[in-house]
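Next comes work39.cif, with mmCIF, C-alpha atoms.
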```cif
data_entry
loop_
_atom_site.label_atom_id
_atom_site.label_comp_id
_atom_site.auth_asym_id
_atom_site.auth_seq_id
_atom_site.Cartn_x
_atom_site.Cartn_y
_atom_site.Cartn_z
CA MET Y 1 -18.78 -5.77 18.22
CA SER Y 2 -17.33 -9.27 18.00
CA ILE Y 3 -13.64 -9.71 17.37
CA SER Y 4 -11.68 -12.52 15.78
CA THR Y 5 -9.75 -15.20 17.59
CA GLU Y 6 -6.59 -13.57 16.26
CA GLU Y 7 -7.53 -10.20 17.73
CA THR Y 8 -8.43 -11.76 21.06
CA GLN Y 9 -4.96 -13.29 21.18
CA ILE Y 10 -3.36 -9.95 20.29
CA ILE Y 11 -5.10 -8.34 23.26
CA LYS Y 12 -4.04 -11.14 25.59
CA SER Y 13 -0.45 -10.82 24.38
CA ILE Y 14 -0.28 -7.06 24.85
CA LEU Y 15 -1.84 -7.24 28.32
CA GLN Y 16 0.81 -9.78 29.26
CA HIS Y 17 3.53 -7.51 27.88
CA CYS Y 18 2.14 -4.60 29.90
CA GLU Y 19 2.19 -6.70 33.05
CA ASP Y 20 5.72 -7.99 32.42
CA GLY Y 21 7.18 -4.77 30.97
CA THR Y 22 8.16 -6.59 27.77
CA THR Y 23 7.42 -6.41 24.04
CA ASP Y 24 7.63 -8.70 21.01
CA MET Y 25 11.22 -9.34 19.93
CA GLN Y 26 13.12 -11.25 17.26
CA PRO Y 27 15.78 -13.78 18.31
CA GLU Y 28 18.66 -11.75 16.83
CA LEU Y 29 19.70 -8.45 15.29
CA MET Y 30 19.65 -8.06 11.52
CA ARG Y 31 22.27 -6.14 9.56
CA ASN Y 32 21.26 -4.43 6.34
CA PRO Y 33 23.95 -3.08 3.96
CA VAL Y 34 23.83 0.64 3.22
CA THR Y 35 24.09 -0.27 -0.47
CA THR Y 36 20.40 -1.22 -0.22
CA TYR Y 37 19.71 2.52 -0.18
CA THR Y 38 22.47 3.75 -2.52
CA ASP Y 39 23.24 1.20 -5.25
CA PRO Y 40 21.52 1.97 -8.59
CA GLU Y 41 21.86 -1.66 -9.68
CA ILE Y 42 20.01 -2.89 -6.60
CA ASN Y 43 17.34 -0.27 -7.19
CA ALA Y 44 16.93 -1.40 -10.81
CA ARG Y 45 16.59 -5.05 -9.72
CA GLU Y 46 13.96 -4.07 -7.16
CA ILE Y 47 11.92 -2.19 -9.74
CA GLU Y 48 12.14 -5.05 -12.25
CA THR Y 49 11.13 -7.66 -9.67
CA LEU Y 50 9.11 -6.09 -6.86
CA PHE Y 51 7.32 -3.47 -8.94
CA ARG Y 52 6.60 -5.60 -12.00
CA LYS Y 53 5.97 -9.16 -10.81
CA PHE Y 54 3.76 -8.62 -7.75
CA PRO Y 55 0.26 -7.14 -7.34
CA ILE Y 56 0.09 -3.57 -6.08
CA ILE Y 57 -2.89 -1.65 -4.71
CA MET Y 58 -3.65 1.11 -7.20
CA GLY Y 59 -6.85 2.60 -5.87
CA HIS Y 60 -10.20 2.25 -4.15
CA SER Y 61 -13.35 0.88 -5.73
CA LYS Y 62 -15.16 4.22 -5.37
CA GLN Y 63 -12.60 5.74 -7.75
CA LEU Y 64 -14.26 3.62 -10.45
CA PRO Y 65 -17.83 4.30 -9.35
CA ASP Y 66 -19.70 2.85 -12.32
CA ALA Y 67 -19.43 1.28 -15.75
CA GLY Y 68 -17.41 3.49 -18.08
CA SER Y 69 -15.22 4.93 -15.32
CA TYR Y 70 -11.45 4.92 -15.77
CA ILE Y 71 -8.32 6.09 -13.99
CA THR Y 72 -4.75 6.37 -15.23
CA ASN Y 73 -1.41 6.15 -13.45
CA ASP Y 74 2.22 6.45 -14.57
CA GLU Y 75 3.97 6.47 -11.20
CA LEU Y 76 5.13 2.85 -11.38
CA GLY Y 77 6.99 3.62 -14.60
CA VAL Y 78 4.30 1.75 -16.53
CA PRO Y 79 1.48 3.74 -18.22
CA LEU Y 80 -1.63 2.21 -16.69
CA LEU Y 81 -5.24 2.56 -17.79
CA ILE Y 82 -7.66 1.00 -15.29
CA THR Y 83 -11.32 0.75 -16.28
CA ARG Y 84 -14.67 -0.57 -15.12
CA ASN Y 85 -16.38 -2.26 -18.05
CA LYS Y 86 -20.08 -2.48 -18.83
CA ASP Y 87 -20.35 -5.64 -16.72
CA GLY Y 88 -18.90 -3.86 -13.71
CA GLN Y 89 -15.55 -5.66 -13.84
CA VAL Y 90 -12.25 -3.91 -13.22
CA LYS Y 91 -9.76 -4.20 -16.08
CA ALA Y 92 -6.20 -2.87 -16.48
CA PHE Y 93 -4.25 -2.15 -19.64
CA MET Y 94 -1.16 -0.42 -20.90
CA ASN Y 95 -2.25 3.12 -21.77
CA VAL Y 96 -0.61 2.67 -25.16
CA CYS Y 97 -2.17 2.56 -28.63
CA ARG Y 98 -1.28 -0.61 -30.58
CA HIS Y 99 -0.75 1.37 -33.79
CA ARG Y 100 2.07 3.82 -33.08
CA GLY Y 101 2.27 3.83 -29.29
CA ALA Y 102 0.54 7.10 -28.39
CA ARG Y 103 -1.16 7.42 -25.01
CA LEU Y 104 -4.92 7.02 -25.24
CA THR Y 105 -5.58 9.61 -22.54
CA ASP Y 106 -3.66 11.92 -20.25
CA SER Y 107 -6.63 12.49 -17.96
CA PRO Y 108 -6.11 11.16 -14.41
CA CYS Y 109 -9.72 9.94 -14.42
CA GLY Y 110 -12.83 10.10 -16.51
CA HIS Y 111 -15.90 8.42 -17.91
CA ALA Y 112 -16.29 7.11 -21.46
CA LYS Y 113 -17.69 4.27 -23.54
CA THR Y 114 -14.60 4.22 -25.76
CA LEU Y 115 -11.15 5.82 -25.82
CA SER Y 116 -9.49 7.01 -28.99
CA CYS Y 117 -5.82 7.57 -29.67
CA PRO Y 118 -5.26 11.31 -30.26
CA TYR Y 119 -2.77 10.58 -33.08
CA HIS Y 120 -4.74 8.51 -35.61
CA LYS Y 121 -8.02 7.88 -33.76
CA TRP Y 122 -7.74 4.16 -33.30
CA THR Y 123 -10.58 3.47 -30.88
CA TYR Y 124 -10.83 0.96 -28.03
CA ASP Y 125 -13.62 -0.03 -25.67
CA LEU Y 126 -13.21 -0.41 -21.91
CA ASP Y 127 -12.49 -4.12 -22.34
CA GLY Y 128 -9.44 -3.13 -24.39
CA ASN Y 129 -10.87 -4.32 -27.71
CA LEU Y 130 -9.94 -2.43 -30.86
CA ARG Y 131 -13.29 -1.21 -32.15
CA GLY Y 132 -12.35 0.86 -35.14
CA LEU Y 133 -9.71 2.71 -37.09
CA PRO Y 134 -10.02 5.35 -39.81
CA HIS Y 135 -9.37 4.23 -43.37
CA ALA Y 136 -9.04 0.63 -42.31
CA ALA Y 137 -8.50 -0.53 -45.91
CA GLY Y 138 -4.98 0.86 -45.73
CA PHE Y 139 -4.08 -1.82 -43.20
CA GLY Y 140 -5.22 -4.76 -45.27
CA ASP Y 141 -6.46 -7.84 -43.45
CA ILE Y 142 -5.07 -7.10 -39.97
CA ASN Y 143 -6.81 -9.01 -37.19
CA LYS Y 144 -8.36 -6.45 -34.86
CA GLN Y 145 -8.65 -9.09 -32.13
CA GLU Y 146 -4.86 -9.28 -32.01
CA LEU Y 147 -4.50 -5.52 -31.69
CA GLY Y 148 -6.45 -4.90 -28.52
CA LEU Y 149 -4.80 -3.04 -25.67
CA VAL Y 150 -2.17 -4.98 -23.74
CA GLU Y 151 -4.04 -6.32 -20.71
CA LEU Y 152 -2.56 -6.65 -17.24
CA PRO Y 153 -3.86 -8.76 -14.34
CA ALA Y 154 -6.37 -6.68 -12.34
CA PHE Y 155 -8.54 -7.53 -9.35
CA GLU Y 156 -11.07 -5.94 -7.04
CA ARG Y 157 -10.95 -7.25 -3.49
CA PHE Y 158 -11.94 -5.71 -0.13
CA GLY Y 159 -12.97 -2.50 -1.89
CA LEU Y 160 -9.46 -2.08 -3.32
CA ILE Y 161 -8.09 -2.29 -6.86
CA TRP Y 162 -4.98 -4.40 -7.40
CA VAL Y 163 -2.84 -4.55 -10.56
CA ARG Y 164 0.24 -6.54 -11.49
CA PRO Y 165 1.99 -4.04 -13.77
CA SER Y 166 3.49 -6.48 -16.27
CA VAL Y 167 2.44 -9.12 -18.75
CA SER Y 168 3.31 -12.67 -17.76
CA ASP Y 169 2.39 -16.22 -18.70
CA GLU Y 170 2.41 -17.04 -14.99
CA PRO Y 171 -1.12 -16.92 -13.53
CA LEU Y 172 -1.79 -14.78 -10.48
CA ASP Y 173 -4.12 -16.08 -7.77
CA LEU Y 174 -4.75 -12.92 -5.76
CA ASP Y 175 -7.00 -14.68 -3.28
CA ALA Y 176 -4.23 -17.12 -2.38
CA TRP Y 177 -1.69 -14.29 -2.30
CA ILE Y 178 -3.62 -12.18 0.19
CA ALA Y 179 -5.19 -15.08 2.11
CA PRO Y 180 -3.08 -14.55 5.28
CA MET Y 181 -4.65 -11.09 5.67
CA SER Y 182 -8.12 -11.76 4.27
CA GLU Y 183 -9.99 -12.30 7.54
CA GLN Y 184 -8.94 -8.90 8.85
CA PHE Y 185 -9.39 -7.04 5.56
CA GLN Y 186 -12.84 -8.53 5.03
CA SER Y 187 -13.91 -7.30 8.46
CA LEU Y 188 -13.04 -3.67 7.62
CA GLY Y 189 -15.82 -3.21 5.07
CA LEU Y 190 -13.66 -0.94 2.93
CA GLU Y 191 -15.95 -1.38 -0.06
CA ASP Y 192 -18.48 0.76 1.82
CA HIS Y 193 -15.98 3.51 2.69
CA VAL Y 194 -15.49 6.71 0.70
CA VAL Y 195 -12.35 8.57 -0.31
CA TYR Y 196 -11.96 11.67 1.86
CA ARG Y 197 -8.52 12.76 0.66
CA GLU Y 198 -5.99 11.44 -1.83
CA TRP Y 199 -2.48 12.79 -2.25
CA SER Y 200 0.90 12.00 -3.74
CA LEU Y 201 4.30 13.30 -2.62
CA ASP Y 202 7.73 13.24 -4.24
CA ARG Y 203 10.37 12.67 -1.57
CA LYS Y 204 14.15 12.76 -1.85
CA MET Y 205 14.94 9.42 -0.25
CA ASN Y 206 15.23 5.77 -1.18
CA TRP Y 207 11.86 4.02 -1.11
CA HIS Y 208 13.04 1.69 1.68
CA LEU Y 209 13.40 4.66 4.03
CA ALA Y 210 9.78 5.66 3.45
CA LEU Y 211 8.61 2.07 3.87
CA GLU Y 212 10.61 1.57 7.06
CA GLY Y 213 8.77 4.38 8.83
CA PHE Y 214 5.78 2.05 9.02
CA GLN Y 215 7.72 -1.09 9.96
CA GLU Y 216 8.52 -0.36 13.59
CA SER Y 217 7.13 1.66 16.48
CA TYR Y 218 10.49 2.08 18.22
CA HIS Y 219 10.79 5.56 16.67
CA PHE Y 220 7.39 6.88 17.81
CA CYS Y 221 8.63 8.72 20.91
CA GLY Y 222 11.72 9.99 19.11
CA ALA Y 223 10.49 11.22 15.74
CA HIS Y 224 6.99 11.99 17.02
CA GLU Y 225 7.75 13.24 20.52
CA HIS Y 226 5.15 16.00 20.38
CA THR Y 227 2.61 14.32 18.09
CA ALA Y 228 2.03 10.54 17.95
CA CYS Y 229 4.11 9.50 20.96
CA ALA Y 230 1.47 10.09 23.61
CA GLY Y 231 -1.15 8.27 21.58
CA TYR Y 232 0.39 4.81 21.91
CA LEU Y 233 2.26 2.62 24.34
CA ASP Y 234 5.99 3.21 23.92
CA ASN Y 235 7.64 0.45 21.88
CA GLN Y 236 5.13 -2.21 22.86
CA SER Y 237 3.63 -3.88 19.83
CA ILE Y 238 2.39 -7.25 18.65
CA TRP Y 239 3.71 -8.58 15.35
CA LEU Y 240 2.12 -11.38 13.34
CA ASP Y 241 4.20 -12.81 10.49
CA LYS Y 242 1.80 -13.31 7.56
CA TYR Y 243 4.63 -13.98 5.11
CA PRO Y 244 5.26 -12.13 2.93
CA HIS Y 245 2.86 -9.70 4.61
CA VAL Y 246 2.92 -8.50 8.24
CA ARG Y 247 0.26 -7.46 10.75
CA HIS Y 248 1.52 -4.97 13.31
CA ALA Y 249 -0.78 -4.08 16.23
CA VAL Y 250 0.20 -0.86 18.05
CA PRO Y 251 -1.76 -0.46 21.32
CA LEU Y 252 -3.33 2.72 22.62
CA PRO Y 253 -2.64 3.42 26.34
CA LYS Y 254 -6.25 2.63 27.28
CA VAL Y 255 -5.79 -0.99 26.21
CA VAL Y 256 -4.73 -1.77 29.80
CA ASP Y 257 -8.31 -1.15 30.91
CA LEU Y 258 -9.34 -4.34 29.11
CA LYS Y 259 -7.68 -6.52 31.73
CA ASP Y 260 -10.62 -5.84 34.06
CA GLN Y 261 -13.23 -6.60 31.41
CA ASP Y 262 -14.83 -9.84 30.31
CA PRO Y 263 -12.99 -10.98 27.14
CA ASP Y 264 -16.39 -11.50 25.52
CA ASN Y 265 -16.80 -7.71 25.67
CA TRP Y 266 -13.36 -6.77 24.39
CA ASP Y 267 -13.10 -4.23 21.56
CA TYR Y 268 -10.01 -4.63 19.41
CA ARG Y 269 -10.17 -1.82 16.89
CA GLY Y 270 -10.92 0.91 19.42
CA ASN Y 271 -7.70 0.08 21.25
CA PHE Y 272 -5.19 -0.38 18.45
CA LEU Y 273 -3.56 1.18 15.42
CA THR Y 274 -3.01 -1.71 13.01
CA GLN Y 275 -0.28 -1.28 10.42
CA ASN Y 276 -0.62 -3.96 7.76
CA TYR Y 277 2.32 -4.41 5.41
CA VAL Y 278 1.09 -5.79 2.11
CA PHE Y 279 4.12 -6.96 0.17
CA PRO Y 280 5.90 -5.39 -1.63
CA CYS Y 281 5.03 -1.70 -1.21
CA ASN Y 282 1.62 -1.14 0.33
CA TYR Y 283 0.41 -0.40 3.83
CA ILE Y 284 -3.20 -0.66 4.95
CA GLN Y 285 -3.11 1.44 8.10
CA VAL Y 286 -6.22 0.92 10.21
CA MET Y 287 -7.05 3.64 12.70
CA THR Y 288 -9.82 3.37 15.28
CA ASP Y 289 -12.44 4.75 12.87
CA HIS Y 290 -10.85 5.24 9.45
CA VAL Y 291 -8.20 3.74 7.17
CA TYR Y 292 -5.22 4.88 5.09
CA ILE Y 293 -3.95 3.07 2.01
CA HIS Y 294 -0.26 3.81 1.37
CA THR Y 295 1.78 3.00 -1.71
CA ILE Y 296 5.53 3.68 -1.85
CA ILE Y 297 7.16 3.67 -5.29
CA PRO Y 298 10.85 4.14 -6.18
CA THR Y 299 11.58 6.73 -8.87
CA GLY Y 300 15.37 6.52 -8.49
CA VAL Y 301 17.90 5.22 -6.02
CA ASP Y 302 17.46 8.35 -3.89
CA SER Y 303 13.87 9.35 -4.66
CA CYS Y 304 10.39 7.92 -4.29
CA ILE Y 305 6.70 8.69 -4.49
CA PHE Y 306 4.50 8.34 -1.43
CA LYS Y 307 0.81 7.94 -2.27
CA CYS Y 308 -2.00 7.93 0.26
CA ILE Y 309 -5.75 7.44 0.16
CA MET Y 310 -7.70 8.39 3.29
CA LEU Y 311 -10.87 6.30 3.59
CA ILE Y 312 -13.70 7.18 5.95
CA PRO Y 313 -16.94 5.27 6.68
CA LYS Y 314 -19.23 7.83 5.04
CA ALA Y 315 -19.01 11.25 3.47
CA PRO Y 316 -19.26 14.12 6.00
CA LYS Y 317 -22.65 15.81 5.85
CA THR Y 318 -22.25 18.33 8.66
CA GLU Y 319 -19.73 21.01 9.49
CA LYS Y 320 -18.84 19.11 12.66
CA ALA Y 321 -18.08 15.93 10.70
CA GLU Y 322 -16.03 17.85 8.15
CA LYS Y 323 -13.95 19.49 10.89
CA TYR Y 324 -13.40 16.11 12.55
CA TRP Y 325 -12.05 14.42 9.42
CA GLN Y 326 -10.04 17.49 8.42
CA LYS Y 327 -8.36 17.44 11.83
CA ASN Y 328 -7.45 13.77 11.38
CA TYR Y 329 -6.07 14.54 7.94
CA ASP Y 330 -4.00 17.45 9.26
CA VAL Y 331 -2.54 15.32 12.07
CA ILE Y 332 -1.53 12.47 9.80
CA ARG Y 333 0.11 14.84 7.30
CA THR Y 334 2.12 16.36 10.16
CA VAL Y 335 3.20 12.96 11.51
CA PHE Y 336 4.14 11.64 8.07
CA ASN Y 337 6.14 14.78 7.35
CA GLU Y 338 8.15 14.21 10.52
CA ASP Y 339 9.09 10.77 9.20
CA PHE Y 340 9.88 12.03 5.71
CA GLU Y 341 12.10 14.87 6.89
CA ILE Y 342 14.17 12.38 8.90
CA GLY Y 343 14.23 9.98 5.96
CA GLU Y 344 15.54 12.67 3.63
CA SER Y 345 18.22 13.62 6.17
CA ILE Y 346 19.28 9.96 6.35
CA GLN Y 347 19.54 9.83 2.57
CA LYS Y 348 21.82 12.87 2.57
CA GLY Y 349 24.18 11.13 4.98
CA LEU Y 350 24.28 7.74 3.31
CA ASN Y 351 27.21 8.51 1.05
CA ALA Y 352 29.32 9.94 3.88
CA GLY Y 353 30.75 6.52 4.70
CA ALA Y 354 29.85 6.65 8.39
CA ASN Y 355 27.87 3.41 8.08
CA ASN Y 356 28.49 0.32 6.00
CA GLU Y 357 25.37 -1.32 7.36
CA PHE Y 358 22.33 -0.51 9.46
CA LEU Y 359 21.28 -2.42 12.55
CA PHE Y 360 17.70 -3.64 12.76
CA GLY Y 361 17.03 -4.21 16.45
CA ARG Y 362 15.27 -7.21 17.92
CA TYR Y 363 12.06 -5.21 18.40
CA GLU Y 364 12.25 -3.66 14.94
CA ILE Y 365 10.42 -6.75 13.78
CA GLY Y 366 8.70 -5.30 10.72
CA LEU Y 367 12.06 -4.25 9.32
CA GLN Y 368 13.39 -7.76 9.70
CA LEU Y 369 10.34 -9.53 8.28
CA GLY Y 370 9.93 -7.09 5.40
CA THR Y 371 13.60 -7.19 4.49
CA LYS Y 372 13.61 -10.99 4.47
CA ALA Y 373 10.61 -11.11 2.13
CA ILE Y 374 12.22 -8.58 -0.22
CA HIS Y 375 15.46 -10.56 -0.31
CA ASP Y 376 13.50 -13.74 -0.97
CA ALA Y 377 11.75 -12.12 -3.93
CA LEU Y 378 14.94 -10.69 -5.40
CA GLU Y 379 16.62 -14.07 -5.13
CA GLY Y 380 13.70 -15.99 -6.62
CA ARG Y 381 12.53 -17.77 -3.47
CA LEU Y 382 9.29 -15.77 -3.29
CA THR Y 383 6.87 -15.57 -6.21
CA THR Y 384 3.13 -15.03 -6.52
#
```
Translate the structure of the given file into structure tokens.
Amino acid sequence: MSISTEETQIIKSILQHCEDGTTDMQPELMRNPVTTYTDPEINAREIETLFRKFPIIMGHSKQLPDAGSYITNDELGVPLLITRNKDGQVKAFMNVCRHRGARLTDSPCGHAKTLSCPYHKWTYDLDGNLRGLPHAAGFGDINKQELGLVELPAFERFGLIWVRPSVSDEPLDLDAWIAPMSEQFQSLGLEDHVVYREWSLDRKMNWHLALEGFQESYHFCGAHEHTACAGYLDNQSIWLDKYPHVRHAVPLPKVVDLKDQDPDNWDYRGNFLTQNYVFPCNYIQVMTDHVYIHTIIPTGVDSCIFKCIMLIPKAPKTEKAEKYWQKNYDVIRTVFNEDFEIGESIQKGLNAGANNEFLFGRYEIGLQLGTKAIHDALEGRLTT
């Protein structure tokens, strides 16, 4: 399997680190105020900016398998209705009737040609157009074209569904937004994968604490001493700044065997865990043979939702294949829970006053890059 020029350079860099006993490092420490995790006003600003003005991955293409399919989601604090219309295009709307504001559907997913409000039966198609209303004469000469569902920017790229959960006059060029990561994402072939498991967890910690578990590998042999630690080189990673996104390559121990191989025969994916931060709240975590899509959503200053979709190349058709993927699922749930338990314990101690700020070390590069991008967005320097 051929690899990209970028991946070839990642391998060269990690082999050099292994030889020198070094790792990627930032020039300086970063200090992050504890108020980031405790101040309700900061949390409100983050929701209004990061979780309204930027595109967020909301699902996989196979969750809208054909025309007429729809999914709903309320976890962002915005009632979303995401559909696939008769032309096969993905559309997103507010799940809100334009008459009196009732939800069109409470079903998490379904299949329909039209959706009707349960209150007065105003009916909409999957392009959001108002198709009919009972006793229309009572509403005079209203323009039905002006009373379609409120549409939100929606896109389908790399087998994933992206939505910006707010209305704006500012156009959104998703291709330009994700361009720094597109070569890698295109190579994954996620559109041909299937959803093996999907889950959502409510956790009692600030959303930053959940996000930060994916932004450095320094903790692997602490938090995951008996699980993930042995699977990777200790605190030796390669970081590529794809502002505002980040590619983080975590090497498996066997990567050192590549130094004796012809670079033309190098295999990247079989030797790395790649943790891709997709600003502001997604992670595309690429394992050696499957992929996880993570979404982390604040629900309060000290609470968040962690969503995960486990994608595998094809549906298991044998007992052996089912056991294999189930084992991978069980391991990842265990490892994530180790992170979340520590995150919740941190949240409990935040108000104790022991720390006014947290130190982000020179090799905690993802923390530094991610924090900078978030600050840039909150202060208006970063937009789509």
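Using only C-alpha atoms, the nearest neighbour of Asn235 of chain Y within the list Y:Gly140, Y:Gly349, Y:Pro253, Y:Gly101 is Y:Pro253.
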If we count all atoms listed in the file and set the cut-off at 7 Å, which residues sit around His245 of chain Y, ignoring sequence neighbours fewer than 2 positions away in its own chain? Please answer as a CSV table (one decimal) with C-alpha atoms, keeping the file's coordinate frame.
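File written: selection-v4.csv
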```csv
chain,number,residue,atom,x,y,z
Y,241,ASP,CA,4.2,-12.8,10.5
Y,242,LYS,CA,1.8,-13.3,7.6
Y,243,TYR,CA,4.6,-14.0,5.1
Y,277,TYR,CA,2.3,-4.4,5.4
Y,278,VAL,CA,1.1,-5.8,2.1
Y,279,PHE,CA,4.1,-7.0,0.2
```
Report task. I would like the residues chosen by the PyMOL selection byres ((chain Y and resi 57) around 6) on the shown file; could you give them as a ChimeraX atom specification? Result -> /Y:56,58-59,161-162
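Checking Y:Glu156, Y:Asp74, Y:Asp141, Y:Asp257 one by one against Gly88 of chain Y, counting all atoms listed in the file, you find the shortest gap at Y:Glu156.
Rounded to one decimal, atom CA of Leu258 of chain Y and atom CA of Ile3 of chain Y lie 13.6 Å from each other.
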Give me the residues within 12 Å of Val331 of chain Y as a PDB file with C-alpha atoms, in the coordinates of the input, counting all atoms listed in the file and dropping any in the same chain fewer than 4 places off.
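The file below, out.pdb, is the result:
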```pdb
ATOM      1  CA  HIS Y 224       6.990  11.990  17.020  1.00  0.00           C
ATOM      2  CA  HIS Y 226       5.150  16.000  20.380  1.00  0.00           C
ATOM      3  CA  THR Y 227       2.610  14.320  18.090  1.00  0.00           C
ATOM      4  CA  ALA Y 228       2.030  10.540  17.950  1.00  0.00           C
ATOM      5  CA  GLY Y 231      -1.150   8.270  21.580  1.00  0.00           C
ATOM      6  CA  TYR Y 324     -13.400  16.110  12.550  1.00  0.00           C
ATOM      7  CA  TRP Y 325     -12.050  14.420   9.420  1.00  0.00           C
ATOM      8  CA  GLN Y 326     -10.040  17.490   8.420  1.00  0.00           C
ATOM      9  CA  LYS Y 327      -8.360  17.440  11.830  1.00  0.00           C
ATOM     10  CA  VAL Y 335       3.200  12.960  11.510  1.00  0.00           C
ATOM     11  CA  PHE Y 336       4.140  11.640   8.070  1.00  0.00           C
ATOM     12  CA  ASN Y 337       6.140  14.780   7.350  1.00  0.00           C
ATOM     13  CA  GLU Y 338       8.150  14.210  10.520  1.00  0.00           C
TER      14      GLU Y 338
END
```
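One finds atom CA of Gln16 of chain Y at 18.1 Å from atom CA of Asn265 of chain Y.
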**Report entry** His111 of chain Y environment, 12 Å, only C-alpha atoms, sequence neighbours closer than 3 positions dropped, as an MDAnalysis selection string
**Finding:** chainID Y and resid 63:72 82:86 105 107:108 114:115 125:126
Please, could you write that set of residues out with C-alpha atoms as a JSON list (two decimals), in the frame of the given file?
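The file below, part-v5.json, is the result:
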```json
[["chain", "number", "residue", "atom", "x", "y", "z"],
["Y", 63, "GLN", "CA", -12.60, 5.74, -7.75],
["Y", 64, "LEU", "CA", -14.26, 3.62, -10.45],
["Y", 65, "PRO", "CA", -17.83, 4.30, -9.35],
["Y", 66, "ASP", "CA", -19.70, 2.85, -12.32],
["Y", 67, "ALA", "CA", -19.43, 1.28, -15.75],
["Y", 68, "GLY", "CA", -17.41, 3.49, -18.08],
["Y", 69, "SER", "CA", -15.22, 4.93, -15.32],
["Y", 70, "TYR", "CA", -11.45, 4.92, -15.77],
["Y", 71, "ILE", "CA", -8.32, 6.09, -13.99],
["Y", 72, "THR", "CA", -4.75, 6.37, -15.23],
["Y", 82, "ILE", "CA", -7.66, 1.00, -15.29],
["Y", 83, "THR", "CA", -11.32, 0.75, -16.28],
["Y", 84, "ARG", "CA", -14.67, -0.57, -15.12],
["Y", 85, "ASN", "CA", -16.38, -2.26, -18.05],
["Y", 86, "LYS", "CA", -20.08, -2.48, -18.83],
["Y", 105, "THR", "CA", -5.58, 9.61, -22.54],
["Y", 107, "SER", "CA", -6.63, 12.49, -17.96],
["Y", 108, "PRO", "CA", -6.11, 11.16, -14.41],
["Y", 114, "THR", "CA", -14.60, 4.22, -25.76],
["Y", 115, "LEU", "CA", -11.15, 5.82, -25.82],
["Y", 125, "ASP", "CA", -13.62, -0.03, -25.67],
["Y", 126, "LEU", "CA", -13.21, -0.41, -21.91]]
```
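Checking Y:Asp202, Y:Glu225, Y:Glu146, Y:Asp192 one by one against Pro313 of chain Y, counting all atoms listed in the file, you find the shortest gap at Y:Asp192.
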Query raised in the report: What do you get, as an MDAnalysis selection string, if you spell out every residue that the PyMOL selection byres ((chain Y and resi 256) around 10) selects here?
Result: chainID Y and resid 11 14:16 18:19 233 251:255 257:261 271
Query raised in the report: Counting all atoms listed in the file, which of Y:Leu240, Y:Ile47, Y:Leu160, Y:Val286 gets nearest to Ile10 of chain Y?
Result: Y:Leu240
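Nearest residue to Thr334 of chain Y, choosing from Y:Asn276, Y:Ala223, Y:Ala354, Y:Leu190 and counting only C-alpha atoms: Y:Ala223.
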Report task. I would like the residues chosen by the PyMOL selection byres ((chain Y and resi 345) around 12) on the shown file; could you give them as JSON, numbers by chain? Result -> {"Y": [203, 204, 205, 206, 209, 210, 302, 338, 339, 340, 341, 342, 343, 344, 346, 347, 348, 349, 350, 351, 352]}
Could you save those same residues with C-alpha atoms as a JSON list (two decimals), keeping the file's coordinate frame?
```
[["chain", "number", "residue", "atom", "x", "y", "z"],
["Y", 203, "ARG", "CA", 10.37, 12.67, -1.57],
["Y", 204, "LYS", "CA", 14.15, 12.76, -1.85],
["Y", 205, "MET", "CA", 14.94, 9.42, -0.25],
["Y", 206, "ASN", "CA", 15.23, 5.77, -1.18],
["Y", 209, "LEU", "CA", 13.40, 4.66, 4.03],
["Y", 210, "ALA", "CA", 9.78, 5.66, 3.45],
["Y", 302, "ASP", "CA", 17.46, 8.35, -3.89],
["Y", 338, "GLU", "CA", 8.15, 14.21, 10.52],
["Y", 339, "ASP", "CA", 9.09, 10.77, 9.20],
["Y", 340, "PHE", "CA", 9.88, 12.03, 5.71],
["Y", 341, "GLU", "CA", 12.10, 14.87, 6.89],
["Y", 342, "ILE", "CA", 14.17, 12.38, 8.90],
["Y", 343, "GLY", "CA", 14.23, 9.98, 5.96],
["Y", 344, "GLU", "CA", 15.54, 12.67, 3.63],
["Y", 346, "ILE", "CA", 19.28, 9.96, 6.35],
["Y", 347, "GLN", "CA", 19.54, 9.83, 2.57],
["Y", 348, "LYS", "CA", 21.82, 12.87, 2.57],
["Y", 349, "GLY", "CA", 24.18, 11.13, 4.98],
["Y", 350, "LEU", "CA", 24.28, 7.74, 3.31],
["Y", 351, "ASN", "CA", 27.21, 8.51, 1.05],
["Y", 352, "ALA", "CA", 29.32, 9.94, 3.88]]
```
Query raised in the report: Counting all atoms listed in the file, what is within 9 Å of Leu211 of chain Y, bar same-chain residues fewer than 3 positions away, as a ChimeraX atom specification?
Result: /Y:207-208,214-215,281-283,295-296
Please supply segment 162-166 of chain Y, rebuilt with N, CA and C atoms, as a short mmCIF file (atom, residue, chain, number, x, y, z; two decimals), in the coordinates of the input.
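Resulting contents of part_29.cif:
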```cif
data_model
loop_
_atom_site.label_atom_id
_atom_site.label_comp_id
_atom_site.auth_asym_id
_atom_site.auth_seq_id
_atom_site.Cartn_x
_atom_site.Cartn_y
_atom_site.Cartn_z
N TRP Y 162 -6.33 -3.86 -7.36
CA TRP Y 162 -4.98 -4.40 -7.40
C TRP Y 162 -4.58 -4.66 -8.85
N VAL Y 163 -3.34 -4.33 -9.20
CA VAL Y 163 -2.84 -4.55 -10.56
C VAL Y 163 -1.43 -5.11 -10.47
N ARG Y 164 -1.16 -6.14 -11.29
CA ARG Y 164 0.24 -6.54 -11.49
C ARG Y 164 0.70 -5.83 -12.75
N PRO Y 165 1.67 -4.93 -12.65
CA PRO Y 165 1.99 -4.04 -13.77
C PRO Y 165 2.94 -4.63 -14.81
N SER Y 166 2.71 -5.88 -15.18
CA SER Y 166 3.49 -6.48 -16.27
C SER Y 166 2.72 -7.66 -16.83
#
```
